[in-house]
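Q: Before we start, here is the structure in question, set down as structure tokens.
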Amino acid sequence: MRSVVLIPARYRSSRYPGKPLVSLLGKPMVLWVAELAARAVGNENVYVATESQSILDVVEAAGFNAVMTTDDALTGTDRLAQAAEKINADIYINVQGDEPLVDPADILKVRDAKREKMNDVINGFSWVAADEDPHSVNIPKVITNERDELVYMSRMALPGFKDPNHAPVRYKKQVCIYAFTREELAAFRAFGRKSELEYSEDIEILRFLELGKTIRMVETKPGSLAVDVPEDVVKVEAALAQYK
């Protein structure tokens with residue numbers, strides 16, 4: 001059973017154009033992610049999906065695979081669905097291109113969960129840390145049933161409560177490592193638009209609920225840092241310096 005990592009890397013990011021190629025300690029960010037993914041599945045099983053010739057050239061020059069996709073992909077998962085049409089594998093693992101501190105062990109944990117439940121979409125989660133605000137709209141909160149199946153995901157602080165004595169002690173948040181089959185990715189793309197909930201929350205995994213898919217949440221390591229805006233570069237470089 002072949003598992004591959006697909007890294008969506010869009011040059012024309014609305015918040016941070018050229019983000020995948022931003023230099024972190026002298027190396028393009030997308031290569032940090034590719035190298036960590038390779039520790040989990042091997043170089044030959046890592047692919048970068050991009051609409052940019054510049055990104056493709058950098059990735060291939062570093063010895064990794066790259067797949068050209070169109071510029072009109074609705075989301076990163078739609079971009080992966082395009083790439084999966086060109087790659088023969090059983091499991092496609094999405095690792096975000098702006099997560100240069102992703103833990104290879106978490107990639108394998110998500111992969112192994114998919115191997116056990118091939119009919120379920122797999123997504124990572126961790127617990128919101130004490131220094132994080134669960135009310136922040138930048139943190140998608142995860143609601144699961146007691147079988148770790150996703151019930152809903154929201155940028156609001158959920159679950160809610162009527163009685164303050166029943167307030168949740170802690171909150172789950174999404175970690176953007178996913179595992180799909182080619183058929184699941186094809187169905188996601190074939191939906192043809194963002195679902196109403198997906199559009200409102202700006203959380204693409206919610207589209208799978210409209211497809212009737214079970215989304216199984218797997219706990220991963222907390223504390224990963226992403227580069228969302230230029231101001232994030234300094235703190236991510238500091239963390240990478242310790243990581244090295």
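In the structure tokens, the first chain shown is A, the next is B, and so on; residue numbers restart at 1 for each chain, and ligands run from 1 in the order shown.
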Write out as number ranges by chain each polymer residue whose atoms come within 8 Å of Leu36 (chain A), counting only C-alpha atoms; drop sequence neighbours fewer than 2 positions from it.
A: A: 32-34, 38-40, 100-104
Q: Near region 27-30 of chain A, within 7 Å and counting only C-alpha atoms, which residues show up once chain neighbours fewer than 5 positions away are dropped, as a ChimeraX atom specification?
A: /A:20-22,97-98,100
Q: Pull C-alpha atoms from the residues just selected and write them as a PDB file, in the first residue's frame.
A:
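Written output follows (selection.pdb):
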```pdb
ATOM      1  CA  PRO A  20       6.175  28.964  -0.117  1.00  0.00           C
ATOM      2  CA  LEU A  21       9.490  30.459  -1.247  1.00  0.00           C
ATOM      3  CA  VAL A  22      10.043  32.701   1.761  1.00  0.00           C
ATOM      4  CA  GLY A  97       3.222  24.033   2.888  1.00  0.00           C
ATOM      5  CA  ASP A  98       3.382  26.696   5.591  1.00  0.00           C
ATOM      6  CA  PRO A 100       7.941  24.000   8.507  1.00  0.00           C
TER       7      PRO A 100
END
```
Q: Which of region 53-145 of chain A counts as helix (DSSP H, G or I) under DSSP, as a ChimeraX atom specification please?
A: /A:53-61,76-84,104-116
Q: Go ahead and write the selection's residues with C-alpha atoms as an mmCIF file, in the first residue's frame.
A:
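Output file selection.cif follows:
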```cif
data_model
loop_
_atom_site.group_PDB
_atom_site.id
_atom_site.type_symbol
_atom_site.label_atom_id
_atom_site.label_comp_id
_atom_site.auth_asym_id
_atom_site.auth_seq_id
_atom_site.Cartn_x
_atom_site.Cartn_y
_atom_site.Cartn_z
ATOM 1 C CA GLN A 53 6.696 27.465 -12.280
ATOM 2 C CA SER A 54 9.068 29.185 -9.826
ATOM 3 C CA ILE A 55 8.039 26.874 -6.991
ATOM 4 C CA LEU A 56 8.175 23.828 -9.258
ATOM 5 C CA ASP A 57 11.734 24.707 -10.337
ATOM 6 C CA VAL A 58 12.942 25.156 -6.735
ATOM 7 C CA VAL A 59 11.355 21.882 -5.618
ATOM 8 C CA GLU A 60 12.713 19.815 -8.492
ATOM 9 C CA ALA A 61 16.184 21.346 -8.169
ATOM 10 C CA GLY A 76 -5.717 23.382 -1.127
ATOM 11 C CA THR A 77 -7.698 20.132 -1.059
ATOM 12 C CA ASP A 78 -9.051 20.850 -4.547
ATOM 13 C CA ARG A 79 -5.451 21.396 -5.646
ATOM 14 C CA LEU A 80 -4.495 18.034 -4.154
ATOM 15 C CA ALA A 81 -7.367 16.379 -5.974
ATOM 16 C CA GLN A 82 -5.891 17.646 -9.241
ATOM 17 C CA ALA A 83 -2.432 16.368 -8.302
ATOM 18 C CA ALA A 84 -3.761 12.963 -7.214
ATOM 19 C CA PRO A 104 7.205 13.408 10.833
ATOM 20 C CA ALA A 105 5.824 11.149 13.574
ATOM 21 C CA ASP A 106 2.452 12.894 13.256
ATOM 22 C CA ILE A 107 2.443 12.303 9.493
ATOM 23 C CA LEU A 108 2.939 8.595 10.169
ATOM 24 C CA LYS A 109 0.273 8.604 12.869
ATOM 25 C CA VAL A 110 -2.289 10.031 10.436
ATOM 26 C CA ARG A 111 -1.158 7.566 7.751
ATOM 27 C CA ASP A 112 -1.528 4.609 10.100
ATOM 28 C CA ALA A 113 -5.006 5.740 11.149
ATOM 29 C CA LYS A 114 -6.000 5.851 7.490
ATOM 30 C CA ARG A 115 -4.629 2.356 6.910
ATOM 31 C CA GLU A 116 -6.898 1.114 9.693
#
```
Q: What does the structure give for the distance between CA of Ser224 (chain A) and CA of Tyr199 (chain A), in Å to one decimal?
A: 25.4 Å
Q: Please provide as a PyMOL selection string all residues within 12 Å of Pro159 (chain A), with the sequence filter that same-chain residues fewer than 6 positions apart are discarded (counting only C-alpha atoms).
A: chain A and resi 134-135+141-145+151-153+166-173
Q: Could you please take those selected residues and save N, CA, C and O atoms as a CSV table (one decimal), in the first residue's frame?
A:
```csv
chain,number,residue,atom,x,y,z
A,134,PRO,N,-9.1,30.4,22.8
A,134,PRO,CA,-10.1,29.6,22.1
A,134,PRO,C,-11.1,30.4,21.3
A,134,PRO,O,-11.8,29.9,20.4
A,135,HIS,N,-11.2,31.7,21.6
A,135,HIS,CA,-12.2,32.5,20.9
A,135,HIS,C,-11.6,33.2,19.7
A,135,HIS,O,-12.3,33.8,18.9
A,141,LYS,N,-11.9,25.3,15.9
A,141,LYS,CA,-12.1,24.4,17.0
A,141,LYS,C,-12.9,23.2,16.5
A,141,LYS,O,-13.7,23.2,15.7
A,142,VAL,N,-12.5,22.0,17.1
A,142,VAL,CA,-13.0,20.7,16.7
A,142,VAL,C,-14.0,20.2,17.7
A,142,VAL,O,-13.7,20.1,18.9
A,143,ILE,N,-15.1,19.7,17.2
A,143,ILE,CA,-16.1,19.0,18.1
A,143,ILE,C,-16.2,17.6,17.6
A,143,ILE,O,-16.4,17.3,16.4
A,144,THR,N,-15.9,16.7,18.5
A,144,THR,CA,-16.0,15.3,18.1
A,144,THR,C,-17.0,14.6,19.0
A,144,THR,O,-17.3,15.0,20.1
A,145,ASN,N,-17.5,13.4,18.6
A,145,ASN,CA,-18.2,12.5,19.5
A,145,ASN,C,-17.3,11.7,20.3
A,145,ASN,O,-16.0,11.9,20.2
A,151,VAL,N,-17.9,16.0,14.5
A,151,VAL,CA,-19.3,16.4,14.5
A,151,VAL,C,-19.4,17.7,13.8
A,151,VAL,O,-20.2,17.9,12.9
A,152,TYR,N,-18.5,18.6,14.1
A,152,TYR,CA,-18.4,19.9,13.5
A,152,TYR,C,-17.1,20.6,13.8
A,152,TYR,O,-16.4,20.2,14.8
A,153,MET,N,-16.8,21.6,13.0
A,153,MET,CA,-15.6,22.4,13.2
A,153,MET,C,-15.9,23.8,13.0
A,153,MET,O,-16.6,24.2,12.0
A,166,HIS,N,-20.8,24.2,33.5
A,166,HIS,CA,-20.6,23.1,32.5
A,166,HIS,C,-19.7,23.5,31.3
A,166,HIS,O,-19.6,22.8,30.3
A,167,ALA,N,-19.0,24.6,31.5
A,167,ALA,CA,-18.1,25.1,30.4
A,167,ALA,C,-17.0,24.0,30.2
A,167,ALA,O,-16.5,23.4,31.2
A,168,PRO,N,-16.6,23.8,29.0
A,168,PRO,CA,-15.5,22.9,28.7
A,168,PRO,C,-14.2,23.3,29.4
A,168,PRO,O,-13.9,24.5,29.5
A,169,VAL,N,-13.5,22.3,29.9
A,169,VAL,CA,-12.2,22.5,30.6
A,169,VAL,C,-11.2,22.9,29.6
A,169,VAL,O,-10.3,23.7,29.8
A,170,ARG,N,-11.2,22.3,28.4
A,170,ARG,CA,-10.3,22.6,27.3
A,170,ARG,C,-10.9,22.4,26.0
A,170,ARG,O,-12.0,21.8,25.9
A,171,TYR,N,-10.3,22.9,24.9
A,171,TYR,CA,-10.8,22.9,23.6
A,171,TYR,C,-9.9,22.1,22.7
A,171,TYR,O,-8.7,22.2,22.8
A,172,LYS,N,-10.5,21.4,21.7
A,172,LYS,CA,-9.7,20.8,20.6
A,172,LYS,C,-9.5,21.8,19.5
A,172,LYS,O,-10.5,22.5,19.1
A,173,LYS,N,-8.4,21.7,18.8
A,173,LYS,CA,-8.2,22.5,17.6
A,173,LYS,C,-7.7,21.7,16.4
A,173,LYS,O,-7.1,20.6,16.7
```
Q: Do you know which residues are at most 12 Å from Pro17 (chain A) counting only C-alpha atoms, after dropping those on the same chain fewer than 5 positions away, and could you put them as a PyMOL selection string?
A: chain A and resi 9-12+22+52+227-230
Q: Which residues, written as a ChimeraX atom specification, have at least one atom at most 8 Å from Asn123 (chain A), with only C-alpha atoms counted and residues fewer than 5 positions away on the same chain left out?
A: /A:110,174-179,215-218
Q: What does the file look like for those residues with all heavy atoms, as a compact mmCIF listing (two decimals), in the first residue's frame?
A:
```
# COMPACT_ATOMS: atom_id res chain seq x y z
N VAL A 110 -1.11 9.83 11.28
CA VAL A 110 -2.29 10.03 10.44
C VAL A 110 -2.35 8.95 9.35
O VAL A 110 -3.41 8.41 9.05
CB VAL A 110 -2.26 11.45 9.83
CG1 VAL A 110 -3.30 11.60 8.73
CG2 VAL A 110 -2.50 12.49 10.92
N GLN A 174 -7.94 22.12 15.22
CA GLN A 174 -7.53 21.36 14.05
C GLN A 174 -6.02 21.46 13.83
O GLN A 174 -5.41 22.52 14.01
CB GLN A 174 -8.24 21.89 12.81
CG GLN A 174 -7.95 21.10 11.54
CD GLN A 174 -8.49 21.76 10.30
OE1 GLN A 174 -8.46 22.98 10.18
NE2 GLN A 174 -8.99 20.97 9.37
N VAL A 175 -5.41 20.34 13.44
CA VAL A 175 -4.04 20.30 12.95
C VAL A 175 -4.13 19.89 11.48
O VAL A 175 -4.76 18.88 11.15
CB VAL A 175 -3.18 19.30 13.75
CG1 VAL A 175 -1.80 19.15 13.11
CG2 VAL A 175 -3.05 19.76 15.20
N CYS A 176 -3.53 20.67 10.60
CA CYS A 176 -3.77 20.48 9.17
C CYS A 176 -2.91 19.40 8.54
O CYS A 176 -2.08 19.65 7.66
CB CYS A 176 -3.61 21.81 8.44
SG CYS A 176 -4.89 22.99 8.89
N ILE A 177 -3.08 18.19 9.04
CA ILE A 177 -2.57 16.98 8.39
C ILE A 177 -3.78 16.11 8.11
O ILE A 177 -4.56 15.82 9.03
CB ILE A 177 -1.55 16.22 9.27
CG1 ILE A 177 -0.44 17.13 9.75
CG2 ILE A 177 -0.98 15.03 8.50
CD1 ILE A 177 0.52 16.47 10.73
N TYR A 178 -3.96 15.72 6.86
CA TYR A 178 -5.13 14.94 6.46
C TYR A 178 -4.67 13.70 5.70
O TYR A 178 -3.59 13.68 5.13
CB TYR A 178 -6.04 15.73 5.51
CG TYR A 178 -6.33 17.17 5.88
CD1 TYR A 178 -5.51 18.20 5.43
CD2 TYR A 178 -7.45 17.49 6.64
CE1 TYR A 178 -5.78 19.52 5.73
CE2 TYR A 178 -7.73 18.81 6.94
CZ TYR A 178 -6.90 19.82 6.50
OH TYR A 178 -7.18 21.13 6.80
N ALA A 179 -5.56 12.70 5.62
CA ALA A 179 -5.30 11.54 4.77
C ALA A 179 -6.57 11.18 4.02
O ALA A 179 -7.65 11.10 4.61
CB ALA A 179 -4.81 10.35 5.59
N ILE A 215 -15.34 11.69 9.26
CA ILE A 215 -14.03 12.32 9.42
C ILE A 215 -13.51 11.94 10.80
O ILE A 215 -14.08 12.33 11.82
CB ILE A 215 -14.12 13.85 9.28
CG1 ILE A 215 -14.73 14.22 7.93
CG2 ILE A 215 -12.74 14.49 9.45
CD1 ILE A 215 -15.16 15.67 7.82
N ARG A 216 -12.48 11.15 10.83
CA ARG A 216 -11.94 10.65 12.09
C ARG A 216 -10.78 11.54 12.52
O ARG A 216 -9.83 11.76 11.76
CB ARG A 216 -11.47 9.19 11.94
CG ARG A 216 -11.07 8.53 13.25
CD ARG A 216 -10.93 7.02 13.08
NE ARG A 216 -12.18 6.44 12.59
CZ ARG A 216 -13.21 6.13 13.39
NH1 ARG A 216 -13.13 6.34 14.68
NH2 ARG A 216 -14.30 5.60 12.87
N MET A 217 -10.84 12.03 13.75
CA MET A 217 -9.83 12.95 14.26
C MET A 217 -8.79 12.17 15.08
O MET A 217 -9.14 11.34 15.92
CB MET A 217 -10.48 14.03 15.14
CG MET A 217 -11.58 14.81 14.45
SD MET A 217 -11.08 15.67 12.93
CE MET A 217 -9.83 16.81 13.54
N VAL A 218 -7.53 12.45 14.82
CA VAL A 218 -6.41 11.74 15.44
C VAL A 218 -5.55 12.77 16.18
O VAL A 218 -5.14 13.78 15.60
CB VAL A 218 -5.56 11.02 14.38
CG1 VAL A 218 -4.34 10.38 15.01
CG2 VAL A 218 -6.40 9.97 13.66
```
Q: Just give me the gap between CA of Val5 (chain A) and CA of Asp90 (chain A) in Å, one decimal is fine.
A: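 Result for CA of Val5 (chain A) versus CA of Asp90 (chain A): 11.2 Å, one decimal.
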Q: Suppose you want the space between CA of Val121 (chain A) and CA of Val137 (chain A); what is it in Å?
A: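 Those two atoms sit 23.9 Å apart.
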Q: For Leu211 (chain A), work out the shell of residues within 12 Å, counting only C-alpha atoms and skipping chain neighbours fewer than 6 positions away, then give it as a ChimeraX atom specification.
A: /A:120-121,183-192,194-195,205
Q: For the residues in that selection, give me N, CA and C atoms as a PDB file, in the first residue's frame.
A:
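Output file part_11.pdb is given in full below:
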```pdb
ATOM      1  N   ASP A 120     -12.675   6.174   6.031  1.00  0.00           N
ATOM      2  CA  ASP A 120     -12.806   7.439   6.752  1.00  0.00           C
ATOM      3  C   ASP A 120     -11.762   8.443   6.267  1.00  0.00           C
ATOM      4  N   VAL A 121     -12.141   9.708   6.203  1.00  0.00           N
ATOM      5  CA  VAL A 121     -11.160  10.785   6.052  1.00  0.00           C
ATOM      6  C   VAL A 121     -10.502  10.974   7.413  1.00  0.00           C
ATOM      7  N   GLU A 183     -10.358   8.503  -4.488  1.00  0.00           N
ATOM      8  CA  GLU A 183     -11.803   8.620  -4.690  1.00  0.00           C
ATOM      9  C   GLU A 183     -12.397   9.717  -3.804  1.00  0.00           C
ATOM     10  N   GLU A 184     -11.918   9.822  -2.582  1.00  0.00           N
ATOM     11  CA  GLU A 184     -12.409  10.881  -1.681  1.00  0.00           C
ATOM     12  C   GLU A 184     -12.032  12.267  -2.197  1.00  0.00           C
ATOM     13  N   LEU A 185     -10.808  12.397  -2.684  1.00  0.00           N
ATOM     14  CA  LEU A 185     -10.392  13.681  -3.239  1.00  0.00           C
ATOM     15  C   LEU A 185     -11.186  14.020  -4.497  1.00  0.00           C
ATOM     16  N   ALA A 186     -11.438  13.031  -5.335  1.00  0.00           N
ATOM     17  CA  ALA A 186     -12.201  13.268  -6.557  1.00  0.00           C
ATOM     18  C   ALA A 186     -13.627  13.708  -6.230  1.00  0.00           C
ATOM     19  N   ALA A 187     -14.247  13.084  -5.223  1.00  0.00           N
ATOM     20  CA  ALA A 187     -15.604  13.458  -4.830  1.00  0.00           C
ATOM     21  C   ALA A 187     -15.636  14.871  -4.249  1.00  0.00           C
ATOM     22  N   PHE A 188     -14.619  15.217  -3.490  1.00  0.00           N
ATOM     23  CA  PHE A 188     -14.513  16.567  -2.923  1.00  0.00           C
ATOM     24  C   PHE A 188     -14.489  17.604  -4.043  1.00  0.00           C
ATOM     25  N   ARG A 189     -13.647  17.370  -5.036  1.00  0.00           N
ATOM     26  CA  ARG A 189     -13.527  18.317  -6.140  1.00  0.00           C
ATOM     27  C   ARG A 189     -14.795  18.340  -7.001  1.00  0.00           C
ATOM     28  N   ALA A 190     -15.407  17.173  -7.193  1.00  0.00           N
ATOM     29  CA  ALA A 190     -16.590  17.077  -8.036  1.00  0.00           C
ATOM     30  C   ALA A 190     -17.792  17.808  -7.435  1.00  0.00           C
ATOM     31  N   PHE A 191     -17.762  18.087  -6.139  1.00  0.00           N
ATOM     32  CA  PHE A 191     -18.836  18.867  -5.520  1.00  0.00           C
ATOM     33  C   PHE A 191     -19.000  20.209  -6.243  1.00  0.00           C
ATOM     34  N   GLY A 192     -17.872  20.728  -6.746  1.00  0.00           N
ATOM     35  CA  GLY A 192     -17.917  21.847  -7.670  1.00  0.00           C
ATOM     36  C   GLY A 192     -17.985  23.229  -7.073  1.00  0.00           C
ATOM     37  N   LYS A 194     -17.711  25.517  -2.921  1.00  0.00           N
ATOM     38  CA  LYS A 194     -17.610  25.423  -1.477  1.00  0.00           C
ATOM     39  C   LYS A 194     -19.012  25.198  -0.906  1.00  0.00           C
ATOM     40  N   SER A 195     -19.114  24.300   0.054  1.00  0.00           N
ATOM     41  CA  SER A 195     -20.407  24.096   0.703  1.00  0.00           C
ATOM     42  C   SER A 195     -20.751  25.342   1.526  1.00  0.00           C
ATOM     43  N   ILE A 205     -12.465  21.283   5.234  1.00  0.00           N
ATOM     44  CA  ILE A 205     -12.788  19.895   5.594  1.00  0.00           C
ATOM     45  C   ILE A 205     -14.294  19.702   5.774  1.00  0.00           C
TER      46      ILE A 205
END
```
Q: Which of these residues is nearest to Asp72 (chain A), using only C-alpha atoms: A:Glu231, A:Asp131, A:Asp163, A:Glu51?
A: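 Selected residue with least distance to Asp72 (chain A): A:Glu51.
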